[in-house]
$ cat coords.pdb   # PDB, C-alpha atoms
ATOM      1  CA  MET A  22      19.359  21.907  -3.194
ATOM      2  CA  VAL A  23      15.650  22.528  -3.738
ATOM      3  CA  GLY A  24      16.115  24.225  -7.115
ATOM      4  CA  LYS A  25      18.179  21.350  -8.494
ATOM      5  CA  THR A  26      15.760  18.505  -7.821
ATOM      6  CA  ARG A  27      13.737  17.829 -10.948
ATOM      7  CA  VAL A  28      10.155  16.749 -10.266
ATOM      8  CA  GLY A  29       7.661  15.001 -12.521
ATOM      9  CA  PHE A  30       3.927  15.093 -11.873
ATOM     10  CA  ILE A  31       1.257  12.799 -13.323
ATOM     11  CA  GLY A  32      -2.382  13.481 -12.501
ATOM     12  CA  VAL A  33      -3.027  17.227 -12.503
ATOM     13  CA  GLY A  34      -6.761  17.042 -11.844
ATOM     14  CA  LEU A  35      -8.818  18.632  -9.067
ATOM     15  CA  MET A  36      -6.157  17.982  -6.419
ATOM     16  CA  GLY A  37      -3.085  17.614  -8.592
ATOM     17  CA  HIS A  38      -3.211  21.026 -10.269
ATOM     18  CA  GLY A  39      -2.796  22.900  -6.998
ATOM     19  CA  MET A  40      -0.093  20.524  -5.820
ATOM     20  CA  ALA A  41       1.887  20.948  -9.037
ATOM     21  CA  LYS A  42       1.388  24.707  -9.037
ATOM     22  CA  ASN A  43       2.853  24.949  -5.552
ATOM     23  CA  LEU A  44       5.840  22.790  -6.493
ATOM     24  CA  ILE A  45       6.684  25.492  -9.042
ATOM     25  CA  GLU A  46       5.728  28.601  -7.108
ATOM     26  CA  LYS A  47       6.568  27.685  -3.507
ATOM     27  CA  GLY A  48       9.345  25.182  -4.092
ATOM     28  CA  GLY A  49      10.974  26.493  -7.244
ATOM     29  CA  TYR A  50      11.235  22.965  -8.612
ATOM     30  CA  PRO A  51      11.777  22.384 -12.340
ATOM     31  CA  LEU A  52       8.569  20.519 -13.146
ATOM     32  CA  ALA A  53       7.531  18.159 -15.929
ATOM     33  CA  VAL A  54       3.828  17.284 -16.225
ATOM     34  CA  LEU A  55       1.972  14.706 -18.263
ATOM     35  CA  GLY A  56      -0.943  15.901 -20.375
ATOM     36  CA  ASN A  57      -4.446  14.484 -20.351
ATOM     37  CA  ARG A  58      -7.804  15.139 -21.980
ATOM     38  CA  ASN A  59      -8.481  18.184 -19.797
ATOM     39  CA  ARG A  60      -6.105  20.764 -21.223
ATOM     40  CA  GLN A  61      -6.886  23.606 -18.821
ATOM     41  CA  PRO A  62      -4.668  22.541 -15.879
ATOM     42  CA  ILE A  63      -1.838  21.447 -18.186
ATOM     43  CA  ASP A  64      -1.886  24.717 -20.133
ATOM     44  CA  ASP A  65      -1.956  26.710 -16.893
ATOM     45  CA  LEU A  66       1.057  24.845 -15.485
ATOM     46  CA  VAL A  67       2.987  25.260 -18.736
ATOM     47  CA  ARG A  68       2.326  29.005 -18.544
ATOM     48  CA  ARG A  69       3.789  28.920 -15.033
ATOM     49  CA  GLY A  70       6.967  27.267 -16.308
ATOM     50  CA  ALA A  71       6.306  23.527 -16.380
ATOM     51  CA  ARG A  72       7.355  21.355 -19.295
ATOM     52  CA  GLU A  73       4.774  19.034 -20.837
ATOM     53  CA  ALA A  74       6.185  15.523 -21.168
ATOM     54  CA  LYS A  75       5.379  13.026 -23.916
ATOM     55  CA  ASP A  76       4.667   9.974 -21.765
ATOM     56  CA  PRO A  77       5.513   8.441 -18.354
ATOM     57  CA  ALA A  78       8.900   7.211 -19.593
ATOM     58  CA  ASP A  79       9.777  10.783 -20.615
ATOM     59  CA  ILE A  80       8.844  11.939 -17.107
ATOM     60  CA  ALA A  81      10.985   9.207 -15.537
ATOM     61  CA  ARG A  82      14.058   9.897 -17.681
ATOM     62  CA  SER A  83      14.008  13.655 -17.160
ATOM     63  CA  THR A  84      13.296  13.924 -13.428
ATOM     64  CA  ASP A  85      14.632  12.798 -10.062
ATOM     65  CA  VAL A  86      11.327  12.437  -8.199
ATOM     66  CA  VAL A  87       7.922  11.579  -9.663
ATOM     67  CA  VAL A  88       4.612  12.423  -7.959
ATOM     68  CA  LEU A  89       1.429  10.540  -8.858
ATOM     69  CA  CYS A  90      -2.046  11.836  -8.004
ATOM     70  CA  LEU A  91      -4.429   9.472  -9.783
ATOM     71  CA  PRO A  92      -7.978   8.181  -9.226
ATOM     72  CA  SER A  93      -7.026   4.657  -8.114
ATOM     73  CA  SER A  94      -4.393   1.921  -8.116
ATOM     74  CA  ALA A  95      -5.546   0.834 -11.575
ATOM     75  CA  GLU A  96      -4.438   4.125 -13.127
ATOM     76  CA  ALA A  97      -1.222   4.094 -11.098
ATOM     77  CA  GLN A  98      -0.388   0.593 -12.343
ATOM     78  CA  ALA A  99      -1.055   1.687 -15.930
ATOM     79  CA  VAL A 100       1.412   4.584 -15.814
ATOM     80  CA  ILE A 101       4.007   2.531 -13.907
ATOM     81  CA  TYR A 102       3.866  -0.820 -15.730
ATOM     82  CA  GLY A 103       2.322   0.135 -19.071
ATOM     83  CA  GLU A 104       4.085   0.606 -22.390
ATOM     84  CA  ARG A 105       6.624   3.416 -21.953
ATOM     85  CA  GLY A 106       5.690   3.472 -18.277
ATOM     86  CA  LEU A 107       7.682   4.769 -15.330
ATOM     87  CA  MET A 108       9.116   1.349 -14.476
ATOM     88  CA  SER A 109      10.885   1.190 -17.817
ATOM     89  CA  ALA A 110      12.860   4.369 -17.242
ATOM     90  CA  MET A 111      13.143   5.383 -13.565
ATOM     91  CA  LYS A 112      16.778   5.752 -12.553
ATOM     92  CA  ARG A 113      18.610   4.256  -9.581
ATOM     93  CA  GLY A 114      18.523   6.773  -6.756
ATOM     94  CA  GLY A 115      15.206   8.227  -7.894
ATOM     95  CA  ALA A 116      11.977   8.249  -5.937
ATOM     96  CA  LEU A 117       8.237   7.900  -6.439
ATOM     97  CA  ILE A 118       5.652   9.669  -4.283
ATOM     98  CA  ASP A 119       2.224   8.146  -4.842
ATOM     99  CA  ALA A 120      -0.494  10.499  -3.566
ATOM    100  CA  THR A 121      -3.235   8.255  -4.982
ATOM    101  CA  THR A 122      -5.783   6.880  -2.527
ATOM    102  CA  ALA A 123      -4.700   3.393  -3.468
ATOM    103  CA  ASP A 124      -4.989  -0.275  -2.560
ATOM    104  CA  PRO A 125      -2.229  -0.855   0.045
ATOM    105  CA  ILE A 126      -1.494  -4.339  -1.329
ATOM    106  CA  VAL A 127      -0.851  -2.897  -4.780
ATOM    107  CA  THR A 128       1.227  -0.091  -3.258
ATOM    108  CA  ARG A 129       3.523  -2.535  -1.483
ATOM    109  CA  GLN A 130       3.998  -4.577  -4.673
ATOM    110  CA  ILE A 131       4.913  -1.451  -6.640
ATOM    111  CA  GLY A 132       7.384  -0.509  -3.913
ATOM    112  CA  ALA A 133       9.001  -3.935  -4.015
ATOM    113  CA  ASP A 134       9.369  -3.776  -7.797
ATOM    114  CA  LEU A 135      10.835  -0.265  -7.670
ATOM    115  CA  SER A 136      13.311  -1.260  -4.986
ATOM    116  CA  LEU A 137      14.809  -3.820  -7.379
ATOM    117  CA  ARG A 138      15.698  -0.872  -9.607
ATOM    118  CA  GLY A 139      17.136   1.130  -6.703
ATOM    119  CA  VAL A 140      14.136   3.494  -6.618
ATOM    120  CA  ALA A 141      12.579   4.587  -3.305
ATOM    121  CA  MET A 142       8.849   4.985  -2.779
ATOM    122  CA  LEU A 143       6.442   6.726  -0.425
ATOM    123  CA  ASP A 144       2.683   6.373  -0.417
ATOM    124  CA  ALA A 145       1.384   9.787   0.591
ATOM    125  CA  ALA A 146      -2.407   9.885   0.406
ATOM    126  CA  LEU A 147      -4.068  13.271   0.740
ATOM    127  CA  GLY A 148      -6.551  14.912   3.058
ATOM    128  CA  ARG A 149      -8.689  18.059   2.669
ATOM    129  CA  SER A 150      -9.935  19.453  -0.639
ATOM    130  CA  PRO A 151      -8.911  21.075  -3.942
ATOM    131  CA  ARG A 152      -9.247  24.483  -2.264
ATOM    132  CA  GLU A 153      -6.470  23.581   0.179
ATOM    133  CA  ALA A 154      -4.471  22.024  -2.660
ATOM    134  CA  GLU A 155      -4.439  25.378  -4.447
ATOM    135  CA  ASP A 156      -3.408  27.101  -1.209
ATOM    136  CA  GLY A 157      -0.691  24.549  -0.387
ATOM    137  CA  ARG A 158      -2.470  23.499   2.821
ATOM    138  CA  LEU A 159      -3.285  19.834   2.251
ATOM    139  CA  SER A 160      -2.625  17.110   4.778
ATOM    140  CA  THR A 161      -0.749  14.002   3.694
ATOM    141  CA  TYR A 162      -0.483  10.599   5.347
ATOM    142  CA  VAL A 163       2.796   8.933   4.525
ATOM    143  CA  GLY A 164       3.936   5.321   4.424
ATOM    144  CA  GLY A 165       7.550   4.401   3.831
ATOM    145  CA  GLU A 166      10.999   4.566   5.375
ATOM    146  CA  GLY A 167      11.638   7.505   7.657
ATOM    147  CA  ALA A 168      14.874   8.400   5.897
ATOM    148  CA  VAL A 169      13.091   8.549   2.555
ATOM    149  CA  LEU A 170      10.402  10.773   4.042
ATOM    150  CA  GLU A 171      12.989  13.203   5.391
ATOM    151  CA  ARG A 172      14.718  13.296   2.024
ATOM    152  CA  LEU A 173      11.448  14.095   0.248
ATOM    153  CA  ARG A 174       9.800  16.210   2.950
ATOM    154  CA  PRO A 175      10.637  19.537   1.200
ATOM    155  CA  ILE A 176       8.624  18.389  -1.817
ATOM    156  CA  LEU A 177       5.640  17.323   0.290
ATOM    157  CA  ALA A 178       5.809  20.589   2.248
ATOM    158  CA  CYS A 179       5.161  22.593  -0.927
ATOM    159  CA  TYR A 180       1.548  21.438  -0.983
ATOM    160  CA  ALA A 181       0.910  20.022   2.517
ATOM    161  CA  ASP A 182       1.146  21.831   5.845
ATOM    162  CA  THR A 183       0.389  18.634   7.787
ATOM    163  CA  ILE A 184       2.604  15.589   7.171
ATOM    164  CA  VAL A 185       1.903  12.464   9.242
ATOM    165  CA  HIS A 186       4.277   9.497   9.061
ATOM    166  CA  CYS A 187       1.974   6.505   9.517
ATOM    167  CA  GLY A 188       4.475   3.642   9.257
ATOM    168  CA  PRO A 189       5.955   1.411   6.540
ATOM    169  CA  LEU A 190       4.977   1.503   2.878
ATOM    170  CA  GLY A 191       1.202   1.164   2.494
ATOM    171  CA  ALA A 192       0.422   2.559   5.952
ATOM    172  CA  GLY A 193      -0.379   6.033   4.646
ATOM    173  CA  THR A 194      -3.092   4.943   2.243
ATOM    174  CA  THR A 195      -4.400   2.443   4.812
ATOM    175  CA  CYS A 196      -4.919   5.278   7.305
ATOM    176  CA  LYS A 197      -6.492   7.400   4.561
ATOM    177  CA  LEU A 198      -9.006   4.678   3.652
ATOM    178  CA  ILE A 199      -9.985   4.250   7.291
ATOM    179  CA  ASN A 200     -10.294   8.023   7.691
ATOM    180  CA  ASN A 201     -12.436   8.204   4.559
ATOM    181  CA  SER A 202     -14.721   5.439   5.782
ATOM    182  CA  ILE A 203     -15.500   7.559   8.851
ATOM    183  CA  SER A 204     -15.860  10.835   6.928
ATOM    184  CA  LEU A 205     -18.069   9.325   4.234
ATOM    185  CA  GLY A 206     -20.161   7.582   6.869
ATOM    186  CA  MET A 207     -20.777  10.939   8.547
ATOM    187  CA  ALA A 208     -21.615  12.632   5.232
ATOM    188  CA  THR A 209     -24.020   9.851   4.256
ATOM    189  CA  LEU A 210     -25.786   9.840   7.617
ATOM    190  CA  ILE A 211     -26.183  13.640   7.442
ATOM    191  CA  SER A 212     -27.572  13.281   3.915
ATOM    192  CA  GLU A 213     -30.019  10.573   4.925
ATOM    193  CA  ALA A 214     -31.191  12.662   7.871
ATOM    194  CA  PHE A 215     -31.888  15.717   5.707
ATOM    195  CA  SER A 216     -33.673  13.563   3.155
ATOM    196  CA  THR A 217     -35.935  12.357   5.951
ATOM    197  CA  ALA A 218     -36.358  15.905   7.228
ATOM    198  CA  ALA A 219     -37.378  17.132   3.777
ATOM    199  CA  LYS A 220     -39.876  14.281   3.453
ATOM    200  CA  ALA A 221     -41.292  15.096   6.904
ATOM    201  CA  GLY A 222     -41.642  18.822   6.151
ATOM    202  CA  VAL A 223     -39.043  19.975   8.682
ATOM    203  CA  ASP A 224     -37.674  23.541   8.454
ATOM    204  CA  LEU A 225     -34.218  22.681   7.077
ATOM    205  CA  ALA A 226     -32.631  26.007   8.023
ATOM    206  CA  ALA A 227     -33.736  25.482  11.613
ATOM    207  CA  LEU A 228     -32.392  21.928  11.533
ATOM    208  CA  CYS A 229     -29.050  23.296  10.285
ATOM    209  CA  ASP A 230     -28.988  25.615  13.300
ATOM    210  CA  VAL A 231     -29.726  22.674  15.604
ATOM    211  CA  LEU A 232     -26.867  20.603  14.163
ATOM    212  CA  SER A 233     -24.434  23.514  14.275
ATOM    213  CA  ALA A 234     -25.178  23.982  17.971
ATOM    214  CA  GLY A 235     -24.752  20.313  18.899
ATOM    215  CA  GLY A 236     -22.525  17.292  18.645
ATOM    216  CA  VAL A 237     -22.764  16.989  14.851
ATOM    217  CA  ASP A 238     -20.849  20.238  14.395
ATOM    218  CA  GLY A 239     -17.419  19.551  12.891
ATOM    219  CA  ARG A 240     -15.370  19.710   9.701
ATOM    220  CA  MET A 241     -17.577  17.374   7.636
ATOM    221  CA  TRP A 242     -20.795  19.070   8.706
ATOM    222  CA  ARG A 243     -19.345  22.472   7.846
ATOM    223  CA  MET A 244     -18.510  21.258   4.331
ATOM    224  CA  MET A 245     -22.021  19.826   3.868
ATOM    225  CA  GLU A 246     -23.977  22.709   5.425
ATOM    226  CA  PRO A 247     -23.497  25.329   2.642
ATOM    227  CA  TRP A 248     -25.173  23.071   0.065
ATOM    228  CA  ILE A 249     -28.172  22.477   2.317
ATOM    229  CA  ARG A 250     -28.566  26.185   2.996
ATOM    230  CA  SER A 251     -27.751  27.637  -0.449
ATOM    231  CA  ARG A 252     -26.736  24.808  -2.895
ATOM    232  CA  ASP A 253     -23.056  25.742  -2.553
ATOM    233  CA  ASP A 254     -20.965  22.603  -3.110
ATOM    234  CA  SER A 255     -17.617  24.378  -3.499
ATOM    235  CA  GLY A 256     -16.363  23.436  -0.043
ATOM    236  CA  LEU A 257     -15.794  19.800  -0.993
ATOM    237  CA  LYS A 258     -15.272  19.113  -4.702
ATOM    238  CA  ALA A 259     -15.311  15.351  -4.288
ATOM    239  CA  PRO A 260     -17.330  13.452  -6.945
ATOM    240  CA  LEU A 261     -19.537  10.667  -5.626
ATOM    241  CA  ARG A 262     -17.779   8.174  -7.933
ATOM    242  CA  ILE A 263     -14.534   8.817  -6.019
ATOM    243  CA  ALA A 264     -16.305   8.452  -2.673
ATOM    244  CA  ALA A 265     -17.759   5.123  -3.792
ATOM    245  CA  LYS A 266     -14.352   3.970  -5.036
ATOM    246  CA  ASP A 267     -12.747   4.763  -1.670
ATOM    247  CA  LEU A 268     -15.471   2.892   0.251
ATOM    248  CA  SER A 269     -14.980  -0.124  -1.999
ATOM    249  CA  ALA A 270     -11.238  -0.042  -1.334
ATOM    250  CA  TYR A 271     -11.901   0.197   2.398
ATOM    251  CA  GLY A 272     -14.194  -2.820   2.135
ATOM    252  CA  ARG A 273     -11.424  -4.847   0.491
ATOM    253  CA  LEU A 274      -8.991  -3.741   3.195
ATOM    254  CA  ALA A 275     -11.429  -4.846   5.895
ATOM    255  CA  GLU A 276     -12.033  -8.161   4.132
ATOM    256  CA  ASP A 277      -8.282  -8.810   3.974
ATOM    257  CA  ALA A 278      -8.049  -8.024   7.694
ATOM    258  CA  GLY A 279     -10.992 -10.286   8.565
ATOM    259  CA  SER A 280     -12.992  -7.357   9.969
ATOM    260  CA  ALA A 281     -16.791  -7.120   9.716
ATOM    261  CA  VAL A 282     -17.874  -3.636   8.561
ATOM    262  CA  PRO A 283     -21.681  -3.636   8.241
ATOM    263  CA  VAL A 284     -22.006   0.145   8.626
ATOM    264  CA  ALA A 285     -19.461   0.823   5.881
ATOM    265  CA  GLN A 286     -21.250  -1.674   3.646
ATOM    266  CA  ALA A 287     -24.518   0.228   4.156
ATOM    267  CA  VAL A 288     -22.773   3.494   3.261
ATOM    268  CA  SER A 289     -21.285   1.860   0.177
ATOM    269  CA  GLN A 290     -24.718   0.656  -0.964
ATOM    270  CA  THR A 291     -26.184   4.145  -0.431
ATOM    271  CA  LEU A 292     -23.458   5.646  -2.608
ATOM    272  CA  ARG A 293     -24.112   2.965  -5.220
ATOM    273  CA  LEU A 294     -27.776   4.031  -5.339
ATOM    274  CA  ALA A 295     -26.626   7.599  -5.976
ATOM    275  CA  LEU A 296     -24.315   6.510  -8.789
ATOM    276  CA  ASN A 297     -26.987   4.341 -10.371
ATOM    277  CA  SER A 298     -29.353   7.332 -10.410
ATOM    278  CA  GLY A 299     -26.940   9.304 -12.596
ATOM    279  CA  HIS A 300     -24.863  11.195 -10.037
ATOM    280  CA  LYS A 301     -21.325   9.954 -10.632
ATOM    281  CA  GLU A 302     -19.955  13.483 -11.019
ATOM    282  CA  THR A 303     -22.145  15.105  -8.354
ATOM    283  CA  PHE A 304     -20.061  16.472  -5.483
ATOM    284  CA  LEU A 305     -20.503  14.930  -2.030
ATOM    285  CA  PRO A 306     -22.169  17.976  -0.363
ATOM    286  CA  ALA A 307     -25.125  17.555  -2.761
ATOM    287  CA  LEU A 308     -25.815  13.984  -1.576
ATOM    288  CA  PRO A 309     -28.712  15.153   0.667
ATOM    289  CA  GLY A 310     -30.539  16.339  -2.461
ATOM    290  CA  VAL A 311     -29.844  13.086  -4.283
ATOM    291  CA  LEU A 312     -31.253  10.984  -1.442
ATOM    292  CA  ALA A 313     -34.218  13.318  -1.004
ATOM    293  CA  ALA A 314     -35.102  12.912  -4.691
ATOM    294  CA  LEU A 315     -34.821   9.131  -4.416
ATOM    295  CA  ASN A 316     -37.298   9.346  -1.541
ATOM    296  CA  GLY A 317     -39.735  11.518  -3.492
ATOM    297  CA  ALA A 318     -38.829  14.772  -1.737
ATOM    298  CA  LYS A 319     -36.885  17.889  -2.646
ATOM    299  CA  ILE A 320     -34.384  20.116  -0.903
ATOM    300  CA  GLY A 321     -34.543  23.700  -2.148
TER
END
$ encode --input "coords.pdb" --output "structure tokens"
Amino acid sequence: MVGKTRVGFIGVGLMGHGMAKNLIEKGGYPLAVLGNRNRQPIDDLVRRGAREAKDPADIARSTDVVVLCLPSSAEAQAVIYGERGLMSAMKRGGALIDATTADPIVTRQIGADLSLRGVAMLDAALGRSPREAEDGRLSTYVGGEGAVLERLRPILACYADTIVHCGPLGAGTTCKLINNSISLGMATLISEAFSTAAKAGVDLAALCDVLSAGGVDGRMWRMMEPWIRSRDDSGLKAPLRIAAKDLSAYGRLAEDAGSAVPVAQAVSQTLRLALNSGHKETFLPALPGVLAALNGAKIG
């Protein structure tokens, strides 16, 4: 029964807080969370009924299913294989849901190691934004056995209204990386275009109207547009450092597949310029302003 499955959650940041909140409020799951340097989301979840765990091993011992939502595979490996990590204490019959946008090769190795302990695994990378995480309306792209997905679907459904089974373990994060390469390419091209427009003295509000009436109009444009019009970046709270990390992971995936990706490499280099100019924590919708400044222009 839903109320009897104990869930652990590691990584209650911009996306993870809303996911964990909905596991408590929508799913009624007893929840254990692992603290970090940012106390606000942890304290909020504890007020809502979560228990703060001591370390990953504590999470593993006291729960049936563990959810990870971490910046990259490196952090996931640290909490799984590190001292007092999940691998040391997860129980046979348990399960791990890794919502990290991860390296598929690493994901498959983690899954193989967990299977030796009788622990199931899904990779379940996320789509949409922290706003949808708070509302329980994320999308998630799942890799793993179908039977495991059906067993864990009620947990995923607490924070995701769209669940796509992409194939075997690693397929979910592979699809997410490919999706992100397209989305970030669109965002970067929009940003470059508005940087050029600012440099050329174009009426940016009029250009926004032109794009909204044409083929550029779509979900990514609508998340970028509010910043260009009014400096509102709340529609996509995605730091540029995370965008750059995802493009790098996509590049490794393409290299492993033997696929040439010159456009993605150009996008990756553009994001690197933004990071090197001090914008690691700047949200993606503000990238037009970053590129404009690098070109000696200003938006707004």
$ closest_residue --input "coords.pdb" --among "A:Leu305, A:Ile199, A:Ala313, A:Ala214" --to "Ile263 of chain A" --atoms "all atoms listed in the file"
A:Leu305
$ resolve_selection --input "coords.pdb" --expression "the PyMOL selection byres ((chain A and resi 191-193) around 10)" --output "PyMOL selection string"
chain A and resi 120+122-130+132+143-147+161-165+185-190+194-198
$ residues_around --input "coords.pdb" --residues "Cys179 of chain A" --least-positions-apart "5" --cutoff "12 Å" --atoms "only C-alpha atoms" --output "list of chain:residue names"
A:Val23, A:Gly39, A:Met40, A:Ala41, A:Lys42, A:Asn43, A:Leu44, A:Ile45, A:Glu46, A:Lys47, A:Gly48, A:Gly49, A:Tyr50, A:Glu153, A:Ala154, A:Glu155, A:Asp156, A:Gly157, A:Arg158, A:Leu159, A:Ser160, A:Thr161, A:Leu173, A:Arg174, A:Ile184
$ residues_around --input "coords.pdb" --residues "Arg68 of chain A" --least-positions-apart "3" --cutoff "12 Å" --atoms "all atoms listed in the file" --output "list in words"
Lys42, Ile45, Glu46, Leu52, Gln61, Pro62, Ile63, Asp64, Asp65, Ala71, Arg72 and Glu73 of chain A
$ closest_residue --input "coords.pdb" --among "A:Arg82, A:Arg138, A:Arg172, A:Lys258" --to "Arg152 of chain A" --atoms "only C-alpha atoms"
A:Lys258
$ residues_around --input "coords.pdb" --residues "Gly239 of chain A" --least-positions-apart "6" --cutoff "12 Å" --atoms "all atoms listed in the file" --output "list in words"
Ser204, Met207, Ala208, Ile211, Leu232, Ser233, Met245 and Glu246 of chain A
$ residues_around --input "coords.pdb" --residues "Pro309 of chain A" --least-positions-apart "4" --cutoff "7 Å" --atoms "only C-alpha atoms" --output "list of chain:residue names"
A:Ser212, A:Glu213, A:Phe215, A:Ser216, A:Ala313
$ resolve_selection --input "coords.pdb" --expression "the PyMOL selection byres ((chain A and resi 244) around 8)" --output "list in words"
Arg240, Met241, Trp242, Arg243, Met245, Glu246, Pro247, Asp254, Gly256, Leu257 and Pro306 of chain A
$ resolve_selection --input "coords.pdb" --expression "the PyMOL selection byres ((chain A and resi 92) around 8)" --output "PyMOL selection string"
chain A and resi 90-91+93-94+96+121-122+263
$ write_last_selection --input "coords.pdb" --atoms "C-alpha atoms" --output "short mmCIF file (atom, residue, chain, number, x, y, z; two decimals), keeping the file's coordinate frame"
data_model
loop_
_atom_site.label_atom_id
_atom_site.label_comp_id
_atom_site.auth_asym_id
_atom_site.auth_seq_id
_atom_site.Cartn_x
_atom_site.Cartn_y
_atom_site.Cartn_z
CA CYS A 90 -2.05 11.84 -8.00
CA LEU A 91 -4.43 9.47 -9.78
CA SER A 93 -7.03 4.66 -8.11
CA SER A 94 -4.39 1.92 -8.12
CA GLU A 96 -4.44 4.12 -13.13
CA THR A 121 -3.24 8.26 -4.98
CA THR A 122 -5.78 6.88 -2.53
CA ILE A 263 -14.53 8.82 -6.02
#
$ atom_distance --input "coords.pdb" --atom1 "atom CA of Ala318 of chain A" --atom2 "atom CA of Val231 of chain A"
21.1 Å
$ decode --input "coords.pdb" --residues "segment 30-79 of chain A" --atoms "C-alpha atoms" --output "short mmCIF file (atom, residue, chain, number, x, y, z; two decimals), in the first residue's frame"
data_model
loop_
_atom_site.label_atom_id
_atom_site.label_comp_id
_atom_site.auth_asym_id
_atom_site.auth_seq_id
_atom_site.Cartn_x
_atom_site.Cartn_y
_atom_site.Cartn_z
CA PHE A 30 15.18 11.33 -0.97
CA ILE A 31 18.67 12.73 -1.58
CA GLY A 32 19.02 16.02 -3.44
CA VAL A 33 16.28 18.42 -2.37
CA GLY A 34 17.43 21.38 -4.44
CA LEU A 35 15.54 23.41 -7.04
CA MET A 36 13.81 20.35 -8.50
CA GLY A 37 14.07 17.95 -5.59
CA HIS A 38 12.23 20.04 -3.00
CA GLY A 39 8.98 20.02 -4.97
CA MET A 40 9.33 16.34 -5.77
CA ALA A 41 9.86 15.45 -2.11
CA LYS A 42 7.05 17.73 -0.98
CA ASN A 43 4.63 15.97 -3.30
CA LEU A 44 5.74 12.53 -2.10
CA ILE A 45 4.54 13.61 1.35
CA GLU A 46 1.46 15.61 0.43
CA LYS A 47 0.12 13.79 -2.64
CA GLY A 48 1.41 10.30 -1.95
CA GLY A 49 1.34 10.13 1.83
CA TYR A 50 4.72 8.41 1.85
CA PRO A 51 6.82 8.34 5.03
CA LEU A 52 9.84 10.30 3.82
CA ALA A 53 13.45 10.52 4.96
CA VAL A 54 15.61 13.29 3.47
CA LEU A 55 19.32 13.96 3.58
CA GLY A 56 20.45 17.42 4.68
CA ASN A 57 22.82 19.69 2.80
CA ARG A 58 24.29 23.17 3.12
CA ASN A 59 21.04 24.85 2.08
CA ARG A 60 18.84 24.36 5.12
CA GLN A 61 15.69 25.99 3.77
CA PRO A 62 14.30 23.05 1.75
CA ILE A 63 15.29 20.52 4.42
CA ASP A 64 13.66 22.53 7.22
CA ASP A 65 10.51 22.98 5.13
CA LEU A 66 10.23 19.24 4.44
CA VAL A 67 10.81 18.40 8.10
CA ARG A 68 7.97 20.77 9.00
CA ARG A 69 5.79 18.85 6.55
CA GLY A 70 6.60 15.56 8.28
CA ALA A 71 9.84 14.29 6.76
CA ARG A 72 12.63 12.85 8.89
CA GLU A 73 16.15 14.18 8.38
CA ALA A 74 18.60 11.31 7.97
CA LYS A 75 22.22 11.26 9.12
CA ASP A 76 23.84 9.97 5.94
CA PRO A 77 23.08 7.88 2.81
CA ALA A 78 23.46 4.61 4.75
CA ASP A 79 20.81 5.81 7.22
#
